[in-house]
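coords-v5.cif follows; it contains mmCIF, C-alpha atoms.
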```cif
data_input
#
loop_
_atom_site.label_atom_id
_atom_site.label_comp_id
_atom_site.auth_asym_id
_atom_site.auth_seq_id
_atom_site.Cartn_x
_atom_site.Cartn_y
_atom_site.Cartn_z
CA MET A 1475 268.39 -95.21 291.47
CA ASN A 1476 267.46 -98.72 292.51
CA GLU A 1477 264.55 -101.12 292.09
CA HIS A 1478 262.94 -99.85 295.29
CA ASP A 1479 263.04 -96.23 294.06
CA ASP A 1480 261.43 -97.27 290.76
CA GLN A 1481 258.70 -99.14 292.56
CA GLN A 1482 258.11 -96.15 294.82
CA ILE A 1483 257.69 -93.65 291.98
CA ARG A 1484 255.52 -96.16 290.11
CA GLU A 1485 253.23 -96.34 293.14
CA VAL A 1486 253.12 -92.57 293.55
CA LEU A 1487 252.18 -92.15 289.89
CA ARG A 1488 249.41 -94.71 290.13
CA GLN A 1489 248.01 -92.91 293.16
CA SER A 1490 248.21 -89.53 291.45
CA PHE A 1491 246.21 -90.39 288.35
CA SER A 1492 242.64 -91.57 288.38
CA PRO A 1493 241.97 -94.58 286.18
CA VAL A 1494 240.33 -93.78 282.82
CA SER A 1495 237.50 -95.78 281.33
CA THR A 1496 238.67 -97.49 278.17
CA GLU A 1497 235.14 -98.35 277.03
CA LEU A 1498 234.10 -96.62 273.82
CA GLY A 1499 230.61 -95.24 274.40
CA LYS A 1500 229.48 -94.90 270.78
CA ASP A 1501 229.99 -96.14 267.26
CA LEU A 1502 232.50 -93.91 265.46
CA TRP A 1503 231.75 -95.18 261.94
CA PRO A 1504 229.32 -92.32 261.09
CA ALA A 1505 231.98 -89.77 262.09
CA VAL A 1506 234.65 -91.61 260.06
CA LEU A 1507 232.36 -91.77 257.02
CA HIS A 1508 231.54 -88.08 257.34
CA LYS A 1509 235.25 -87.28 257.48
CA LEU A 1510 235.97 -89.46 254.46
CA GLU A 1511 233.30 -87.62 252.47
CA ALA A 1512 234.36 -84.20 253.69
CA ARG A 1513 238.07 -84.72 253.14
CA PRO A 1514 238.56 -86.89 250.06
CA THR A 1515 241.97 -88.40 249.60
CA PRO A 1516 244.11 -85.68 247.99
CA VAL A 1517 246.08 -86.40 244.84
CA PRO A 1518 249.77 -86.24 245.88
CA TRP A 1519 251.84 -83.39 244.42
CA TYR A 1520 254.16 -85.79 242.59
CA ASP A 1521 251.21 -87.19 240.64
CA TRP A 1522 250.35 -83.69 239.46
CA ALA A 1523 254.02 -83.09 238.64
CA LEU A 1524 254.13 -86.31 236.60
CA ILE A 1525 251.01 -85.33 234.68
CA GLY A 1526 252.50 -81.88 233.97
CA VAL A 1527 255.85 -83.26 232.80
CA SER A 1528 254.13 -85.87 230.61
CA ALA A 1529 251.86 -83.26 229.02
CA GLY A 1530 254.87 -81.02 228.32
CA VAL A 1531 256.87 -83.85 226.76
CA PHE A 1532 253.95 -84.94 224.53
CA LEU A 1533 253.33 -81.34 223.47
CA PHE A 1534 256.91 -80.77 222.29
CA PHE A 1535 257.59 -84.34 221.08
CA PRO A 1536 254.22 -85.68 219.80
CA HIS A 1537 255.83 -88.72 218.18
CA LEU A 1538 256.62 -90.00 221.69
CA ILE A 1539 252.89 -90.63 222.19
CA LEU A 1540 253.22 -93.61 219.83
CA VAL A 1541 256.31 -94.88 221.69
CA PHE A 1542 254.44 -94.47 224.99
CA ALA A 1543 251.33 -96.21 223.65
CA TYR A 1544 253.46 -99.11 222.37
CA HIS A 1545 254.85 -99.67 225.88
CA LEU A 1546 251.48 -99.58 227.62
CA MET B 355 239.30 -112.47 248.76
CA ASP B 356 239.58 -111.83 252.49
CA LEU B 357 238.61 -108.72 254.42
CA LEU B 358 242.10 -107.17 254.63
CA GLN B 359 242.72 -107.62 250.91
CA ARG B 360 239.39 -106.02 250.11
CA PHE B 361 240.25 -103.14 252.46
CA ALA B 362 243.64 -102.67 250.79
CA LEU B 363 241.84 -102.40 247.45
CA GLY B 364 239.68 -99.61 248.85
CA GLU B 365 236.36 -101.39 249.38
CA ILE B 366 234.39 -99.19 251.75
CA ASP B 367 232.28 -102.10 253.08
CA ALA B 368 235.43 -103.95 254.13
CA PHE B 369 236.71 -100.81 255.82
CA GLU B 370 233.42 -100.37 257.69
CA THR B 371 233.70 -103.92 259.01
CA LEU B 372 237.28 -103.23 260.16
CA VAL B 373 236.25 -99.95 261.83
CA ARG B 374 233.50 -101.69 263.79
CA GLN B 375 235.94 -104.46 264.75
CA PHE B 376 238.89 -102.30 265.83
CA GLN B 377 237.50 -98.90 266.90
CA GLY B 378 237.20 -100.03 270.53
CA ASP B 379 240.80 -101.24 270.69
CA ILE B 380 242.14 -98.07 269.08
CA TYR B 381 240.09 -95.85 271.39
CA ALA B 382 241.18 -97.79 274.48
CA TRP B 383 244.83 -97.37 273.53
CA VAL B 384 244.52 -93.66 272.74
CA VAL B 385 242.53 -92.79 275.86
CA ARG B 386 245.22 -94.44 278.00
CA ILE B 387 247.71 -92.01 276.49
CA VAL B 388 245.72 -88.75 276.35
CA ARG B 389 243.39 -89.52 279.30
CA ASP B 390 240.55 -87.43 277.89
CA PRO B 391 237.57 -89.30 276.37
CA GLY B 392 236.57 -86.49 273.99
CA ILE B 393 240.08 -86.01 272.63
CA ALA B 394 240.52 -89.78 272.40
CA GLU B 395 237.35 -90.08 270.27
CA ASP B 396 238.55 -87.34 267.92
CA LEU B 397 241.98 -88.95 267.61
CA THR B 398 240.39 -92.36 266.97
CA VAL B 399 238.31 -90.92 264.11
CA GLU B 400 241.42 -89.20 262.73
CA THR B 401 243.35 -92.49 263.04
CA LEU B 402 240.67 -94.40 261.12
CA TRP B 403 240.59 -91.72 258.42
CA ARG B 404 244.37 -91.92 258.05
CA ILE B 405 244.21 -95.71 257.96
CA TYR B 406 241.84 -95.55 255.01
CA ARG B 407 243.97 -92.95 253.29
CA ALA B 408 247.09 -95.10 253.73
CA ARG B 409 245.39 -98.39 252.80
CA GLN B 410 247.70 -98.97 249.84
CA GLN B 411 250.68 -99.08 252.21
CA PHE B 412 249.09 -101.84 254.27
CA ARG B 413 250.29 -105.37 253.61
CA PRO B 414 247.27 -107.70 253.87
CA ASP B 415 249.51 -110.41 255.39
CA GLY B 416 250.44 -108.05 258.25
CA SER B 417 248.63 -107.25 261.49
CA PHE B 418 245.92 -104.65 261.11
CA ALA B 419 245.72 -104.20 264.89
CA ALA B 420 249.43 -103.43 265.24
CA TRP B 421 249.42 -101.12 262.21
CA SER B 422 246.40 -99.16 263.43
CA ARG B 423 247.84 -98.87 266.93
CA ARG B 424 251.09 -97.48 265.51
CA ILE B 425 249.19 -94.79 263.58
CA ALA B 426 247.07 -93.98 266.66
CA THR B 427 250.15 -93.69 268.88
CA ASN B 428 251.84 -91.29 266.45
CA LEU B 429 248.72 -89.13 266.39
CA ALA B 430 248.50 -89.13 270.18
CA LEU B 431 252.17 -88.15 270.37
CA ASP B 432 251.59 -85.29 267.93
CA TYR B 433 248.63 -84.16 270.00
CA LEU B 434 250.71 -84.09 273.19
CA ARG B 435 253.51 -82.19 271.45
CA ARG B 436 251.07 -79.59 270.09
CA LYS B 437 249.09 -79.12 273.28
CA ARG B 438 251.89 -78.91 275.76
CA PRO B 439 252.02 -77.37 278.28
CA GLU B 440 248.74 -75.44 278.49
CA ARG B 441 246.37 -78.39 278.11
CA SER B 442 248.07 -81.66 278.24
CA LEU B 443 248.15 -85.22 279.41
CA LEU B 444 246.71 -86.29 282.69
CA ILE B 445 244.22 -83.60 283.49
CA GLU B 446 242.30 -84.86 286.45
CA PRO B 447 238.55 -84.98 285.73
CA ALA B 448 236.46 -82.80 288.03
CA GLY B 449 235.16 -84.68 291.03
CA ALA B 450 237.30 -87.73 290.39
CA THR B 451 238.02 -89.76 293.47
CA PRO B 452 241.69 -90.59 293.89
CA PRO B 453 242.41 -94.30 294.11
CA ASP B 454 244.29 -93.81 297.32
CA ARG B 455 244.57 -91.14 299.98
CA LEU B 456 248.21 -91.86 300.72
CA VAL B 457 249.38 -89.10 298.44
CA GLN B 458 247.79 -85.80 299.38
CA LYS B 459 245.88 -83.68 296.91
CA GLU B 460 248.51 -80.96 296.59
CA THR B 461 251.28 -83.47 296.11
CA ARG B 462 249.28 -85.29 293.45
CA GLN B 463 248.75 -81.98 291.67
CA LYS B 464 252.49 -81.31 291.70
CA ILE B 465 253.23 -84.78 290.42
CA ARG B 466 250.79 -84.37 287.52
CA GLN B 467 252.25 -80.93 286.80
CA ALA B 468 255.77 -82.35 286.69
CA PHE B 469 254.62 -85.29 284.60
CA ARG B 470 252.98 -83.15 281.92
CA ARG B 471 256.21 -81.22 281.54
CA LEU B 472 258.09 -84.33 280.50
CA PRO B 473 258.96 -84.55 276.80
CA ALA B 474 256.03 -86.15 274.94
CA LYS B 475 257.98 -89.29 274.03
CA LEU B 476 258.89 -89.90 277.67
CA GLN B 477 255.36 -89.11 278.82
CA VAL B 478 253.81 -91.67 276.52
CA ALA B 479 256.26 -94.43 277.47
CA ALA B 480 255.92 -93.67 281.18
CA THR B 481 252.12 -93.40 281.09
CA LEU B 482 251.69 -96.69 279.29
CA ALA B 483 254.33 -98.56 281.30
CA LEU B 484 253.97 -97.09 284.79
CA VAL B 485 250.42 -95.78 285.09
CA GLU B 486 248.60 -98.14 282.73
CA GLU B 487 250.96 -101.10 283.22
CA GLN B 488 250.83 -102.16 279.58
CA PRO B 489 253.27 -104.86 278.45
CA TYR B 490 256.59 -103.46 277.22
CA ASP B 491 256.45 -105.39 273.97
CA GLU B 492 253.07 -103.84 273.12
CA ILE B 493 254.37 -100.36 273.90
CA ALA B 494 257.45 -101.01 271.78
CA SER B 495 255.34 -102.20 268.86
CA ALA B 496 253.03 -99.17 269.08
CA LEU B 497 255.95 -96.74 269.22
CA GLY B 498 257.92 -98.56 266.53
CA ILE B 499 260.97 -98.99 268.78
CA SER B 500 262.65 -101.86 270.61
CA VAL B 501 261.69 -103.06 274.09
CA GLY B 502 265.11 -101.86 275.26
CA ALA B 503 264.38 -98.38 273.93
CA VAL B 504 261.03 -98.33 275.79
CA LYS B 505 262.79 -99.30 279.03
CA LEU B 506 265.33 -96.56 278.44
CA ARG B 507 262.57 -93.97 277.92
CA VAL B 508 260.82 -95.10 281.10
CA PHE B 509 264.10 -94.94 283.00
CA ARG B 510 264.77 -91.43 281.68
CA ALA B 511 261.20 -90.37 282.48
CA ILE B 512 261.60 -91.51 286.09
CA ARG B 513 264.94 -89.76 286.40
CA VAL B 514 263.65 -86.47 284.93
CA LEU B 515 260.44 -86.69 286.95
CA ARG B 516 262.35 -87.24 290.17
CA LYS B 517 264.48 -84.19 289.44
CA LYS B 518 261.43 -82.05 288.67
CA LEU B 519 259.69 -83.22 291.83
CA ASN B 520 262.75 -82.39 293.89
CA ASN B 521 262.69 -78.89 292.39
CA LEU B 522 259.02 -78.60 293.36
CA GLY B 523 259.86 -79.70 296.87
CA VAL B 524 258.16 -83.08 296.58
CA THR B 525 259.96 -86.20 297.69
CA PRO B 526 258.08 -89.27 296.54
#
```
Could you rewrite the structure in this file as structure tokens?
Amino acid sequence: MNEHDDQQIREVLRQSFSPVSTELGKDLWPAVLHKLEARPTPVPWYDWALIGVSAGVFLFFPHLILVFAYHL
Amino acid sequence: MDLLQRFALGEIDAFETLVRQFQGDIYAWVVRIVRDPGIAEDLTVETLWRIYRARQQFRPDGSFAAWSRRIATNLALDYLRRKRPERSLLIEPAGATPPDRLVQKETRQKIRQAFRRLPAKLQVAATLALVEEQPYDEIASALGISVGAVKLRVFRAIRVLRKKLNNLGVTP
């Protein structure tokens, strides 16, 4: 394949596809806001896991609450 | 505190300002890839939603435009992967006038058919580089790869496309 072949296929592709308008016809902020309200940011699973592990540790070793509070 | 720092901290007003500033750029990039205005609008909204969700990963000293374009490109790629081959890239709008009559209608149809059967990664690189004539460095940045890798994908796209066209009996 040479430069001429590349140029040829480039030209054929350009002729085969109509140009698309890249102008955005409307403001998308209302749709974005709606989506943000409808799908709040989920709490990641590892945060829930951390909370669970911490609760378990504090339940079985309550004195660690003081150690934890000291390091806060 | 500047706009990007406020956005990174989750201020919705700062995000709204960024959306109004960049939505046109993001849409223009996505519609070049998917070539369907309705789909491109949906993907732009999804991109902006993901941007807000990932705001803590954004470095305020970085480029918001480049970051948003990267997220948009990944979403467009996912869309092409999911939708192939039944409804895919480069569906000619009804009544559209071809830019040139040199390539006949049937041949153009076969070329589009062959093109939409390319792997999504090759399709995106070839569409942006060959059809839309976007600069290689911008394509590379949006895809998160090197300029050399973009050139390689375009080269492979041309090679595969040529083979598919030969199988369809089309000699460009």
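Candidate residues A:Val1527, A:Phe1534, A:Val1506, A:Lys1500 were compared for distance to chain B, and the nearest is A:Val1506, using only C-alpha atoms.
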Under the rule of at most 10 Å, produce a per-residue listing of chain A near chain B: chain, number, name, the closest pair of atoms, and the distance in Å, as a Markdown table, using all atoms listed in the file.
```
| residue | atom | partner | partner_atom | distance |
| --- | --- | --- | --- | --- |
| A:Met1475 | CA | B:Arg513 | CA | 8.2 |
| A:Asp1479 | CA | B:Pro526 | CA | 8.9 |
| A:Asp1480 | CA | B:Ile512 | CA | 7.4 |
| A:Gln1481 | CA | B:Leu484 | CA | 9.3 |
| A:Gln1482 | CA | B:Pro526 | CA | 7.1 |
| A:Ile1483 | CA | B:Pro526 | CA | 6.3 |
| A:Arg1484 | CA | B:Leu484 | CA | 5.6 |
| A:Glu1485 | CA | B:Leu484 | CA | 8.4 |
| A:Val1486 | CA | B:Pro526 | CA | 6.7 |
| A:Leu1487 | CA | B:Val485 | CA | 6.3 |
| A:Arg1488 | CA | B:Val485 | CA | 5.3 |
| A:Gln1489 | CA | B:Asp454 | CA | 5.7 |
| A:Ser1490 | CA | B:Arg462 | CA | 4.8 |
| A:Phe1491 | CA | B:Leu444 | CA | 7.0 |
| A:Ser1492 | CA | B:Pro452 | CA | 5.7 |
| A:Pro1493 | CA | B:Pro453 | CA | 7.9 |
| A:Val1494 | CA | B:Arg389 | CA | 6.3 |
| A:Ser1495 | CA | B:Val385 | CA | 8.0 |
| A:Thr1496 | CA | B:Ala382 | CA | 4.5 |
| A:Glu1497 | CA | B:Ala382 | CA | 6.6 |
| A:Leu1498 | CA | B:Gly378 | CA | 5.7 |
| A:Gly1499 | CA | B:Gly378 | CA | 9.0 |
| A:Lys1500 | CA | B:Glu395 | CA | 9.2 |
| A:Asp1501 | CA | B:Arg374 | CA | 7.4 |
| A:Leu1502 | CA | B:Val399 | CA | 6.7 |
| A:Trp1503 | CA | B:Val373 | CA | 6.6 |
| A:Pro1504 | CA | B:Val399 | CA | 9.6 |
| A:Ala1505 | CA | B:Val399 | CA | 6.7 |
| A:Val1506 | CA | B:Val399 | CA | 5.5 |
| A:Leu1507 | CA | B:Trp403 | CA | 8.3 |
| A:His1508 | CA | B:Trp403 | CA | 9.8 |
| A:Lys1509 | CA | B:Trp403 | CA | 7.0 |
| A:Leu1510 | CA | B:Trp403 | CA | 6.5 |
| A:Arg1513 | CA | B:Trp403 | CA | 9.1 |
| A:Pro1514 | CA | B:Arg407 | CA | 8.7 |
| A:Thr1515 | CA | B:Arg407 | CA | 6.2 |
| A:Pro1516 | CA | B:Arg407 | CA | 9.0 |
```
Write a file of the selected residues as a short mmCIF file (atom, residue, chain, number, x, y, z; two decimals), in the frame of the given file, keeping C-alpha atoms.
```cif
data_model
loop_
_atom_site.label_atom_id
_atom_site.label_comp_id
_atom_site.auth_asym_id
_atom_site.auth_seq_id
_atom_site.Cartn_x
_atom_site.Cartn_y
_atom_site.Cartn_z
CA MET A 1475 268.39 -95.21 291.47
CA ASP A 1479 263.04 -96.23 294.06
CA ASP A 1480 261.43 -97.27 290.76
CA GLN A 1481 258.70 -99.14 292.56
CA GLN A 1482 258.11 -96.15 294.82
CA ILE A 1483 257.69 -93.65 291.98
CA ARG A 1484 255.52 -96.16 290.11
CA GLU A 1485 253.23 -96.34 293.14
CA VAL A 1486 253.12 -92.57 293.55
CA LEU A 1487 252.18 -92.15 289.89
CA ARG A 1488 249.41 -94.71 290.13
CA GLN A 1489 248.01 -92.91 293.16
CA SER A 1490 248.21 -89.53 291.45
CA PHE A 1491 246.21 -90.39 288.35
CA SER A 1492 242.64 -91.57 288.38
CA PRO A 1493 241.97 -94.58 286.18
CA VAL A 1494 240.33 -93.78 282.82
CA SER A 1495 237.50 -95.78 281.33
CA THR A 1496 238.67 -97.49 278.17
CA GLU A 1497 235.14 -98.35 277.03
CA LEU A 1498 234.10 -96.62 273.82
CA GLY A 1499 230.61 -95.24 274.40
CA LYS A 1500 229.48 -94.90 270.78
CA ASP A 1501 229.99 -96.14 267.26
CA LEU A 1502 232.50 -93.91 265.46
CA TRP A 1503 231.75 -95.18 261.94
CA PRO A 1504 229.32 -92.32 261.09
CA ALA A 1505 231.98 -89.77 262.09
CA VAL A 1506 234.65 -91.61 260.06
CA LEU A 1507 232.36 -91.77 257.02
CA HIS A 1508 231.54 -88.08 257.34
CA LYS A 1509 235.25 -87.28 257.48
CA LEU A 1510 235.97 -89.46 254.46
CA ARG A 1513 238.07 -84.72 253.14
CA PRO A 1514 238.56 -86.89 250.06
CA THR A 1515 241.97 -88.40 249.60
CA PRO A 1516 244.11 -85.68 247.99
#
```
- Query: Separation of atom CA of Gly523 of chain B and atom CA of Gln477 of chain B, in Å?
  - Reply: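 Value for the atom CA of Gly523 of chain B-atom CA of Gln477 of chain B distance: 20.8 Å.
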From atom CA of Asp1521 of chain A to atom CA of His1537 of chain A the spacing works out at 23.0 Å
Any chance you could resolve the PyMOL selection byres ((chain B and resi 356-360) around 12) against this file and give the residues as a ChimeraX atom specification?
-> /B:355,361-373,375,406,409-419
Computed gap from atom CA of Val1541 of chain A to atom CA of Ser1528 of chain A is 12.9 Å
(Q) Nearest residue to Ile499 of chain B out of B:Arg424, B:Gln467, B:Leu522, B:Leu472, using all atoms listed in the file? (A)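 Looking at the shortest contact to Ile499 of chain B, the residue is B:Arg424.
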